[in-house]
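Participant: Dropping in input.cif, with mmCIF, C-alpha atoms.
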```cif
data_coords
loop_
_atom_site.label_atom_id
_atom_site.label_comp_id
_atom_site.auth_asym_id
_atom_site.auth_seq_id
_atom_site.Cartn_x
_atom_site.Cartn_y
_atom_site.Cartn_z
CA MET P 1101 127.82 235.36 -197.37
CA SER P 1102 127.97 231.65 -196.47
CA THR P 1103 127.50 230.55 -192.87
CA GLN P 1104 130.60 229.42 -190.99
CA PRO P 1105 129.94 225.76 -190.14
CA LEU P 1106 129.85 224.50 -186.58
CA ARG P 1107 133.01 222.46 -185.97
CA ILE P 1108 132.55 219.20 -184.06
CA ALA P 1109 135.43 217.05 -182.82
CA LEU P 1110 134.95 213.27 -182.84
CA GLN P 1111 137.22 210.43 -181.85
CA LYS P 1112 139.11 209.40 -185.01
CA SER P 1113 139.24 205.72 -184.06
CA GLY P 1114 137.98 203.81 -181.07
CA ARG P 1115 134.86 202.76 -179.22
CA LEU P 1116 133.04 206.09 -179.66
CA THR P 1117 133.71 206.65 -183.36
CA ASP P 1118 131.00 204.53 -184.99
CA ASP P 1119 128.32 205.48 -182.46
CA SER P 1120 129.11 209.19 -182.82
CA LEU P 1121 128.85 209.00 -186.61
CA ALA P 1122 125.65 206.95 -186.30
CA LEU P 1123 124.16 209.66 -184.07
CA LEU P 1124 124.85 212.34 -186.65
CA LYS P 1125 123.38 210.13 -189.38
CA ASP P 1126 120.25 209.53 -187.29
CA CYS P 1127 119.98 213.31 -186.98
CA GLY P 1128 119.76 213.52 -190.77
CA ILE P 1129 123.29 214.85 -191.26
CA LYS P 1130 125.10 213.55 -194.35
CA LEU P 1131 128.88 213.21 -194.17
CA SER P 1132 131.46 212.04 -196.66
CA VAL P 1133 133.68 209.87 -194.46
CA GLY P 1134 136.31 207.55 -195.83
CA GLY P 1135 139.99 206.75 -196.08
CA ARG P 1136 142.15 208.75 -193.73
CA LYS P 1137 140.26 212.03 -193.95
CA LEU P 1138 140.63 214.06 -190.76
CA ILE P 1139 138.05 216.70 -191.75
CA ALA P 1140 134.61 215.87 -193.17
CA PRO P 1141 132.08 218.60 -194.05
CA ALA P 1142 128.37 217.82 -193.98
CA SER P 1143 126.58 218.25 -197.30
CA ASN P 1144 123.18 219.22 -195.89
CA PHE P 1145 123.87 220.94 -192.56
CA PRO P 1146 126.35 223.67 -191.50
CA LEU P 1147 128.60 221.20 -189.68
CA GLU P 1148 132.22 220.18 -190.13
CA VAL P 1149 133.67 217.09 -188.41
CA TYR P 1150 137.24 216.99 -187.11
CA PHE P 1151 138.59 213.52 -186.33
CA LEU P 1152 140.98 213.74 -183.37
CA ARG P 1153 142.50 211.65 -180.62
CA SER P 1154 139.96 211.34 -177.82
CA GLY P 1155 142.36 212.75 -175.22
CA ASP P 1156 142.97 215.85 -177.37
CA ILE P 1157 139.31 216.77 -177.84
CA PRO P 1158 138.83 218.68 -174.54
CA ALA P 1159 141.79 220.97 -175.26
CA TYR P 1160 140.74 221.58 -178.87
CA VAL P 1161 137.22 222.51 -177.77
CA ALA P 1162 138.44 224.64 -174.86
CA ASP P 1163 140.84 226.52 -177.17
CA GLY P 1164 138.15 227.14 -179.80
CA VAL P 1165 139.76 225.03 -182.53
CA ALA P 1166 136.53 223.00 -182.44
CA ASP P 1167 133.22 224.43 -181.24
CA ILE P 1168 131.79 221.21 -179.81
CA GLY P 1169 132.90 217.62 -179.30
CA ILE P 1170 131.67 214.14 -178.47
CA LEU P 1171 133.78 212.12 -176.05
CA GLY P 1172 133.58 210.02 -172.92
CA GLU P 1173 132.67 211.80 -169.70
CA ASN P 1174 135.69 210.07 -168.15
CA VAL P 1175 137.99 212.04 -170.47
CA VAL P 1176 136.22 215.32 -169.65
CA VAL P 1177 136.72 214.71 -165.93
CA GLU P 1178 140.34 213.60 -166.33
CA LYS P 1179 141.51 216.44 -168.60
CA GLN P 1180 139.84 219.18 -166.52
CA ALA P 1181 139.58 221.46 -169.56
CA ASN P 1182 137.39 224.55 -169.65
CA VAL P 1183 134.47 223.06 -171.60
CA GLU P 1184 130.73 223.11 -171.02
CA GLN P 1185 129.08 219.71 -170.78
CA LEU P 1186 125.80 220.05 -172.66
CA MET P 1187 124.17 216.62 -172.50
CA SER P 1188 124.66 212.89 -172.08
CA LEU P 1189 124.19 210.86 -175.26
CA GLY P 1190 123.27 207.42 -173.97
CA PHE P 1191 126.02 205.30 -175.53
CA ALA P 1192 129.56 204.11 -174.72
CA GLY P 1193 128.65 203.39 -171.13
CA CYS P 1194 131.53 202.32 -168.89
CA ARG P 1195 133.02 202.95 -165.47
CA LEU P 1196 136.41 203.94 -164.12
CA SER P 1197 137.29 201.36 -161.49
CA LEU P 1198 140.01 200.08 -159.21
CA ALA P 1199 140.99 196.43 -159.59
CA ILE P 1200 143.34 194.06 -157.82
CA PRO P 1201 144.60 190.49 -158.44
CA ARG P 1202 141.79 187.94 -157.96
CA GLY P 1203 143.71 186.10 -155.26
CA GLU P 1204 144.00 189.20 -153.05
CA THR P 1205 141.58 189.97 -150.21
CA TYR P 1206 140.18 193.49 -150.48
CA THR P 1207 139.64 195.29 -147.18
CA GLY P 1208 138.23 198.61 -148.38
CA TRP P 1209 139.92 201.88 -149.15
CA ASP P 1210 142.58 201.32 -146.52
CA TYR P 1211 143.88 198.49 -148.76
CA TRP P 1212 145.54 201.14 -150.95
CA GLU P 1213 147.47 202.91 -148.20
CA GLY P 1214 151.14 202.98 -149.20
CA LYS P 1215 150.56 200.90 -152.33
CA GLU P 1216 151.24 201.67 -156.00
CA ILE P 1217 148.37 201.98 -158.49
CA ALA P 1218 148.84 201.99 -162.28
CA THR P 1219 146.46 204.13 -164.34
CA SER P 1220 145.90 206.25 -167.43
CA TYR P 1221 143.68 208.53 -165.33
CA PRO P 1222 146.04 210.02 -162.73
CA ASN P 1223 144.07 213.23 -162.09
CA THR P 1224 140.80 211.46 -161.37
CA LEU P 1225 142.52 208.83 -159.24
CA LYS P 1226 144.56 211.32 -157.21
CA LYS P 1227 141.49 213.45 -156.54
CA THR P 1228 139.57 210.40 -155.30
CA LEU P 1229 142.43 209.21 -153.11
CA ASP P 1230 142.74 212.68 -151.58
CA LYS P 1231 139.01 212.68 -150.76
CA LYS P 1232 139.38 209.30 -149.06
CA GLY P 1233 142.49 210.40 -147.19
CA ILE P 1234 144.58 207.63 -148.74
CA LYS P 1235 148.28 208.10 -149.44
CA ALA P 1236 149.18 205.89 -152.40
CA SER P 1237 151.68 206.11 -155.25
CA VAL P 1238 150.10 206.71 -158.66
CA GLN P 1239 152.01 205.27 -161.62
CA THR P 1240 150.88 206.89 -164.88
CA ILE P 1241 151.08 204.65 -167.94
CA SER P 1242 149.44 205.19 -171.32
CA GLY P 1243 148.40 201.67 -172.25
CA SER P 1244 148.14 198.01 -171.20
CA VAL P 1245 147.32 199.08 -167.66
CA GLU P 1246 145.93 195.66 -166.76
CA ILE P 1247 149.32 193.91 -166.90
CA ALA P 1248 150.89 196.18 -164.27
CA PRO P 1249 150.21 193.90 -161.26
CA SER P 1250 151.45 190.76 -163.04
CA ILE P 1251 154.81 192.36 -163.89
CA GLY P 1252 155.27 193.83 -160.43
CA LEU P 1253 154.73 197.46 -161.42
CA ALA P 1254 151.74 198.07 -159.13
CA ALA P 1255 149.51 196.43 -156.54
CA GLY P 1256 146.41 197.30 -158.55
CA VAL P 1257 145.07 199.32 -161.45
CA CYS P 1258 142.59 202.10 -162.09
CA ASP P 1259 141.12 201.69 -165.55
CA LEU P 1260 137.97 201.79 -167.66
CA VAL P 1261 135.68 198.78 -167.37
CA SER P 1262 132.83 197.87 -169.72
CA SER P 1263 132.04 194.17 -169.55
CA GLY P 1264 134.88 193.29 -167.18
CA SER P 1265 136.25 190.64 -169.55
CA THR P 1266 139.63 192.40 -169.91
CA LEU P 1267 140.11 192.44 -166.15
CA LEU P 1268 139.10 188.80 -165.94
CA SER P 1269 141.52 187.73 -168.68
CA ASN P 1270 144.34 189.47 -166.81
CA GLY P 1271 143.56 187.86 -163.47
CA LEU P 1272 142.01 190.96 -161.89
CA LYS P 1273 138.79 191.74 -160.03
CA GLU P 1274 136.95 195.04 -159.75
CA VAL P 1275 136.75 196.40 -156.19
CA GLU P 1276 135.78 200.09 -156.37
CA VAL P 1277 133.98 202.31 -158.91
CA LEU P 1278 135.32 205.88 -159.08
CA LEU P 1279 133.22 207.21 -161.94
CA ARG P 1280 130.37 206.06 -164.18
CA SER P 1281 130.74 207.42 -167.68
CA GLN P 1282 129.05 207.61 -171.06
CA ALA P 1283 129.44 209.67 -174.21
CA VAL P 1284 128.70 213.36 -173.70
CA LEU P 1285 128.45 216.45 -175.88
CA VAL P 1286 130.72 219.30 -174.79
CA ALA P 1287 131.11 222.83 -176.10
CA ASN P 1288 133.39 225.83 -175.95
CA PRO P 1289 131.77 228.17 -173.40
CA ASN P 1290 132.60 231.25 -175.50
CA ARG P 1291 130.30 230.60 -178.45
CA SER P 1292 129.25 233.24 -180.94
CA GLU P 1293 125.60 233.95 -181.59
CA ALA P 1294 125.86 232.29 -185.01
CA GLN P 1295 127.49 229.18 -183.52
CA GLN P 1296 124.81 229.00 -180.84
CA GLY P 1297 122.11 229.18 -183.50
CA ILE P 1298 123.52 226.16 -185.36
CA LEU P 1299 124.12 224.34 -182.09
CA ASP P 1300 120.49 224.85 -181.06
CA ARG P 1301 119.37 223.24 -184.33
CA LEU P 1302 121.70 220.30 -183.76
CA LEU P 1303 120.59 219.88 -180.13
CA PHE P 1304 116.96 219.84 -181.25
CA ARG P 1305 117.70 216.95 -183.62
CA ILE P 1306 119.73 215.02 -181.05
CA LYS P 1307 117.04 215.37 -178.39
CA ALA P 1308 114.36 214.20 -180.83
CA HIS P 1309 116.46 211.16 -181.71
CA LEU P 1310 117.24 210.29 -178.08
CA ALA P 1311 113.61 210.71 -177.04
CA ALA P 1312 112.58 208.29 -179.78
CA ALA P 1313 115.29 205.78 -178.89
CA ASN P 1314 114.22 205.79 -175.23
CA ASN P 1315 110.53 205.20 -175.89
CA LYS P 1316 108.15 202.76 -177.60
CA TYR P 1317 104.85 203.49 -179.33
CA ILE P 1318 102.07 201.21 -178.08
CA LEU P 1319 98.69 200.42 -179.66
CA LEU P 1320 96.23 198.13 -177.91
CA ASN P 1321 92.58 197.17 -177.66
CA ALA P 1322 90.76 197.46 -174.35
CA PRO P 1323 87.20 196.85 -173.05
CA ASN P 1324 85.54 200.16 -172.27
CA ASP P 1325 84.93 199.21 -168.65
CA LYS P 1326 88.73 198.90 -168.20
CA LEU P 1327 89.70 202.16 -169.92
CA ASP P 1328 90.39 204.10 -166.73
CA THR P 1329 92.62 201.37 -165.32
CA ILE P 1330 94.53 200.85 -168.56
CA SER P 1331 94.81 204.59 -169.27
CA ALA P 1332 96.47 205.05 -165.89
CA LEU P 1333 99.17 202.64 -167.05
CA LEU P 1334 99.71 204.61 -170.27
CA PRO P 1335 100.24 208.25 -169.34
CA GLY P 1336 102.28 208.98 -172.48
CA MET P 1337 103.40 212.54 -173.03
CA LYS P 1338 100.01 213.81 -171.84
CA SER P 1339 97.32 211.11 -171.93
CA PRO P 1340 96.55 208.14 -174.21
CA SER P 1341 94.63 208.65 -177.44
CA ILE P 1342 91.37 206.68 -177.28
CA MET P 1343 89.31 205.73 -180.35
CA PRO P 1344 86.18 203.53 -180.47
CA LEU P 1345 86.44 200.22 -182.31
CA GLY P 1346 83.86 198.64 -184.58
CA ASP P 1347 83.12 196.06 -181.90
CA SER P 1348 80.71 197.45 -179.33
CA GLY P 1349 82.21 198.00 -175.89
CA TRP P 1350 85.83 198.16 -177.09
CA SER P 1351 88.28 200.97 -177.80
CA SER P 1352 91.78 201.36 -179.20
CA LEU P 1353 94.40 203.16 -177.07
CA HIS P 1354 97.59 204.70 -178.45
CA SER P 1355 100.42 205.95 -176.25
CA VAL P 1356 104.16 206.06 -175.59
CA VAL P 1357 106.03 204.03 -172.97
CA GLN P 1358 109.57 204.58 -171.79
CA GLU P 1359 112.03 201.85 -172.75
CA SER P 1360 113.22 201.63 -169.13
CA ASP P 1361 109.87 200.33 -167.82
CA PHE P 1362 108.64 198.75 -171.05
CA TRP P 1363 108.19 195.13 -169.85
CA ASP P 1364 106.64 196.12 -166.53
CA ARG P 1365 104.05 198.16 -168.39
CA ILE P 1366 103.28 195.36 -170.85
CA ASP P 1367 102.72 192.82 -168.06
CA ALA P 1368 100.51 195.26 -166.17
CA LEU P 1369 98.49 196.07 -169.31
CA ARG P 1370 97.84 192.39 -170.04
CA ALA P 1371 96.79 191.82 -166.45
CA ALA P 1372 94.37 194.77 -166.70
CA GLY P 1373 92.63 193.26 -169.76
CA ALA P 1374 94.44 194.82 -172.72
CA GLN P 1375 94.51 192.74 -175.90
CA GLY P 1376 96.13 192.92 -179.33
CA ILE P 1377 99.09 194.91 -178.01
CA LEU P 1378 101.37 196.26 -180.73
CA VAL P 1379 104.75 197.75 -179.84
CA LEU P 1380 106.51 199.88 -182.46
CA PRO P 1381 109.84 201.74 -182.55
CA ILE P 1382 109.74 205.52 -182.86
CA GLU P 1383 111.95 207.12 -185.47
CA LYS P 1384 111.83 210.68 -184.10
CA MET P 1385 109.94 212.19 -181.18
CA ILE P 1386 109.34 215.93 -180.89
CA VAL P 1387 108.31 216.93 -177.38
#
```
For the structure just supplied, provide its representation as structure tokens.
Facilitator:
Amino acid sequence: MSTQPLRIALQKSGRLTDDSLALLKDCGIKLSVGGRKLIAPASNFPLEVYFLRSGDIPAYVADGVADIGILGENVVVEKQANVEQLMSLGFAGCRLSLAIPRGETYTGWDYWEGKEIATSYPNTLKKTLDKKGIKASVQTISGSVEIAPSIGLAAGVCDLVSSGSTLLSNGLKEVEVLLRSQAVLVANPNRSEAQQGILDRLLFRIKAHLAAANNKYILLNAPNDKLDTISALLPGMKSPSIMPLGDSGWSSLHSVVQESDFWDRIDALRAAGAQGILVLPIEKMIV
């Protein structure tokens, strides 16, 4: 009997779509995606992709129509659906922020007392205002939130911000950050044993891909009298691999450095006497 595929919900069009599909591709999963297909089975892995509106994904996963889903953490928080957040995926970073007209003077949270705020995220905004003890009127609109102040609908907006260029082009400035968000993987909490088995295989692939993307492989030459100092700068997963070179008194060190402190490590290595430093991308990293 064939295995029931794991059903994953992805945004059908928008800022997460291409990155979500790229993640699955980097995990070795082959999909036939094209035209207006709303369902795409994988040819080499027990996975079936459902393309849905981003705002509908939490409900579909919570109701068991899809087993897992990829969407922005901001949507998970806003929809308050009964889903389990499994892991952050490292792309589609943004923040949910409050913004006001550039000519206004912001005085802090008390600025919003008695004012109207336009947003597509009423639940998150209301919860934050309640925590701050602010009584404001929340105007829920589904799109073009940024124009609300210019047409007299609201004193400010609560919306997603990436680069800030959209706010700038609409004469607004960011004044408070309510939530920092990125793409996350969520799941129905009532998974079967078979579904969990497939999910574990998928999670293994995703973690290997993310570990590789967040690290660099480094090879360098070092004088033997500097090995201890340089090795301390290259802890890697355990400790650097050290191999003697043909030149007397020199060795080659191999290790892994996190992307986040990559340049600091390189500068420190050069200062410690490392030479011939090679930095290579890692395709997959199994830890």
Participant: So what does the PyMOL selection byres ((chain P and resi 1301) around 12) actually pick up in this one, as a list in words?
Facilitator: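 With the PyMOL selection byres ((chain P and resi 1301) around 12) on this model, the match is Leu1106, Cys1127, Gly1128, Ile1129, Phe1145, Pro1146, Leu1147, Ala1294, Gln1295, Gln1296, Gly1297, Ile1298, Leu1299, Asp1300, Leu1302, Leu1303, Phe1304, Arg1305, Ile1306, Lys1307 and Ala1308 of chain P.
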Participant: I'd like the interatomic distance between CA of Val1277 (chain P) and CA of Gly1172 (chain P), to a tenth of an Å.
Facilitator: 16.0 Å
Participant: Tell me which residues the PyMOL selection byres ((chain P and resi 1343) around 10) grabs here, as number ranges by chain.
Facilitator: P: 1321, 1340-1342, 1344-1346, 1350-1354
Participant: So, counting all atoms listed in the file, which residue among P:Glu1204, P:Lys1226, P:Val1149, P:Val1286 is closest to Ala1162 (chain P)?
Facilitator: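 Using all atoms listed in the file, the shortest distance to Ala1162 (chain P) belongs to P:Val1286.
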Participant: Starting from the displayed file, determine the output of the PyMOL selection byres ((chain P and resi 1236-1241) around 8) and express the residue list as a PyMOL selection string.
Facilitator: chain P and resi 1212-1222+1225-1226+1229+1234-1235+1242-1245+1254
Participant: Choose the residue, out of P:Gly1203, P:Leu1320, P:Val1387, P:Lys1326, that has the smallest atom-to-atom separation from Gln1375 (chain P); count all atoms listed in the file.
Facilitator: P:Leu1320
Participant: Can you put N, CA and C atoms back into region 1322-1348 of chain P and show it as a PDB file, in the coordinates of the input?
Facilitator:
```pdb
ATOM      1  N   ALA P1322      91.159 197.592-175.751  1.00  0.00           N
ATOM      2  CA  ALA P1322      90.760 197.460-174.350  1.00  0.00           C
ATOM      3  C   ALA P1322      89.240 197.522-174.223  1.00  0.00           C
ATOM      4  N   PRO P1323      88.651 196.723-173.318  1.00  0.00           N
ATOM      5  CA  PRO P1323      87.200 196.850-173.050  1.00  0.00           C
ATOM      6  C   PRO P1323      86.934 198.209-172.398  1.00  0.00           C
ATOM      7  N   ASN P1324      85.825 198.800-172.756  1.00  0.00           N
ATOM      8  CA  ASN P1324      85.540 200.160-172.270  1.00  0.00           C
ATOM      9  C   ASN P1324      85.455 200.236-170.746  1.00  0.00           C
ATOM     10  N   ASP P1325      85.028 199.153-170.103  1.00  0.00           N
ATOM     11  CA  ASP P1325      84.930 199.210-168.650  1.00  0.00           C
ATOM     12  C   ASP P1325      86.298 199.133-167.964  1.00  0.00           C
ATOM     13  N   LYS P1326      87.380 198.937-168.757  1.00  0.00           N
ATOM     14  CA  LYS P1326      88.730 198.900-168.200  1.00  0.00           C
ATOM     15  C   LYS P1326      89.571 200.101-168.650  1.00  0.00           C
ATOM     16  N   LEU P1327      88.937 201.046-169.347  1.00  0.00           N
ATOM     17  CA  LEU P1327      89.700 202.160-169.920  1.00  0.00           C
ATOM     18  C   LEU P1327      90.420 202.985-168.872  1.00  0.00           C
ATOM     19  N   ASP P1328      89.756 203.270-167.765  1.00  0.00           N
ATOM     20  CA  ASP P1328      90.390 204.100-166.730  1.00  0.00           C
ATOM     21  C   ASP P1328      91.623 203.406-166.161  1.00  0.00           C
ATOM     22  N   THR P1329      91.500 202.119-165.893  1.00  0.00           N
ATOM     23  CA  THR P1329      92.620 201.370-165.320  1.00  0.00           C
ATOM     24  C   THR P1329      93.785 201.306-166.299  1.00  0.00           C
ATOM     25  N   ILE P1330      93.480 200.992-167.551  1.00  0.00           N
ATOM     26  CA  ILE P1330      94.530 200.850-168.560  1.00  0.00           C
ATOM     27  C   ILE P1330      95.132 202.209-168.910  1.00  0.00           C
ATOM     28  N   SER P1331      94.296 203.249-168.971  1.00  0.00           N
ATOM     29  CA  SER P1331      94.810 204.590-169.270  1.00  0.00           C
ATOM     30  C   SER P1331      95.799 205.050-168.209  1.00  0.00           C
ATOM     31  N   ALA P1332      95.561 204.668-166.967  1.00  0.00           N
ATOM     32  CA  ALA P1332      96.470 205.050-165.890  1.00  0.00           C
ATOM     33  C   ALA P1332      97.845 204.419-166.058  1.00  0.00           C
ATOM     34  N   LEU P1333      97.891 203.303-166.787  1.00  0.00           N
ATOM     35  CA  LEU P1333      99.170 202.640-167.050  1.00  0.00           C
ATOM     36  C   LEU P1333      99.865 203.198-168.278  1.00  0.00           C
ATOM     37  N   LEU P1334      99.171 204.043-169.021  1.00  0.00           N
ATOM     38  CA  LEU P1334      99.710 204.610-170.270  1.00  0.00           C
ATOM     39  C   LEU P1334      99.594 206.121-170.254  1.00  0.00           C
ATOM     40  N   PRO P1335     100.346 206.793-169.408  1.00  0.00           N
ATOM     41  CA  PRO P1335     100.240 208.250-169.340  1.00  0.00           C
ATOM     42  C   PRO P1335     100.737 208.939-170.598  1.00  0.00           C
ATOM     43  N   GLY P1336     101.732 208.353-171.282  1.00  0.00           N
ATOM     44  CA  GLY P1336     102.280 208.980-172.480  1.00  0.00           C
ATOM     45  C   GLY P1336     102.824 210.354-172.180  1.00  0.00           C
ATOM     46  N   MET P1337     102.907 211.184-173.216  1.00  0.00           N
ATOM     47  CA  MET P1337     103.400 212.540-173.030  1.00  0.00           C
ATOM     48  C   MET P1337     102.361 213.394-172.312  1.00  0.00           C
ATOM     49  N   LYS P1338     101.086 213.120-172.555  1.00  0.00           N
ATOM     50  CA  LYS P1338     100.010 213.810-171.840  1.00  0.00           C
ATOM     51  C   LYS P1338      99.019 212.758-171.340  1.00  0.00           C
ATOM     52  N   SER P1339      98.235 212.182-172.277  1.00  0.00           N
ATOM     53  CA  SER P1339      97.320 211.110-171.930  1.00  0.00           C
ATOM     54  C   SER P1339      97.131 210.266-173.193  1.00  0.00           C
ATOM     55  N   PRO P1340      96.701 208.995-173.039  1.00  0.00           N
ATOM     56  CA  PRO P1340      96.550 208.140-174.210  1.00  0.00           C
ATOM     57  C   PRO P1340      95.475 208.677-175.168  1.00  0.00           C
ATOM     58  N   SER P1341      95.679 208.382-176.451  1.00  0.00           N
ATOM     59  CA  SER P1341      94.630 208.650-177.440  1.00  0.00           C
ATOM     60  C   SER P1341      93.676 207.475-177.432  1.00  0.00           C
ATOM     61  N   ILE P1342      92.378 207.736-177.366  1.00  0.00           N
ATOM     62  CA  ILE P1342      91.370 206.680-177.280  1.00  0.00           C
ATOM     63  C   ILE P1342      90.395 206.828-178.440  1.00  0.00           C
ATOM     64  N   MET P1343      90.223 205.725-179.203  1.00  0.00           N
ATOM     65  CA  MET P1343      89.310 205.730-180.350  1.00  0.00           C
ATOM     66  C   MET P1343      88.407 204.505-180.276  1.00  0.00           C
ATOM     67  N   PRO P1344      87.105 204.674-180.528  1.00  0.00           N
ATOM     68  CA  PRO P1344      86.180 203.530-180.470  1.00  0.00           C
ATOM     69  C   PRO P1344      86.461 202.540-181.597  1.00  0.00           C
ATOM     70  N   LEU P1345      86.305 201.258-181.309  1.00  0.00           N
ATOM     71  CA  LEU P1345      86.440 200.220-182.310  1.00  0.00           C
ATOM     72  C   LEU P1345      85.079 199.857-182.899  1.00  0.00           C
ATOM     73  N   GLY P1346      85.113 199.089-183.972  1.00  0.00           N
ATOM     74  CA  GLY P1346      83.860 198.640-184.580  1.00  0.00           C
ATOM     75  C   GLY P1346      83.073 197.727-183.662  1.00  0.00           C
ATOM     76  N   ASP P1347      83.788 196.942-182.852  1.00  0.00           N
ATOM     77  CA  ASP P1347      83.120 196.060-181.900  1.00  0.00           C
ATOM     78  C   ASP P1347      82.590 196.873-180.720  1.00  0.00           C
ATOM     79  N   SER P1348      81.330 196.711-180.414  1.00  0.00           N
ATOM     80  CA  SER P1348      80.710 197.450-179.330  1.00  0.00           C
ATOM     81  C   SER P1348      81.383 197.133-177.994  1.00  0.00           C
TER      82      SER P1348
END
```
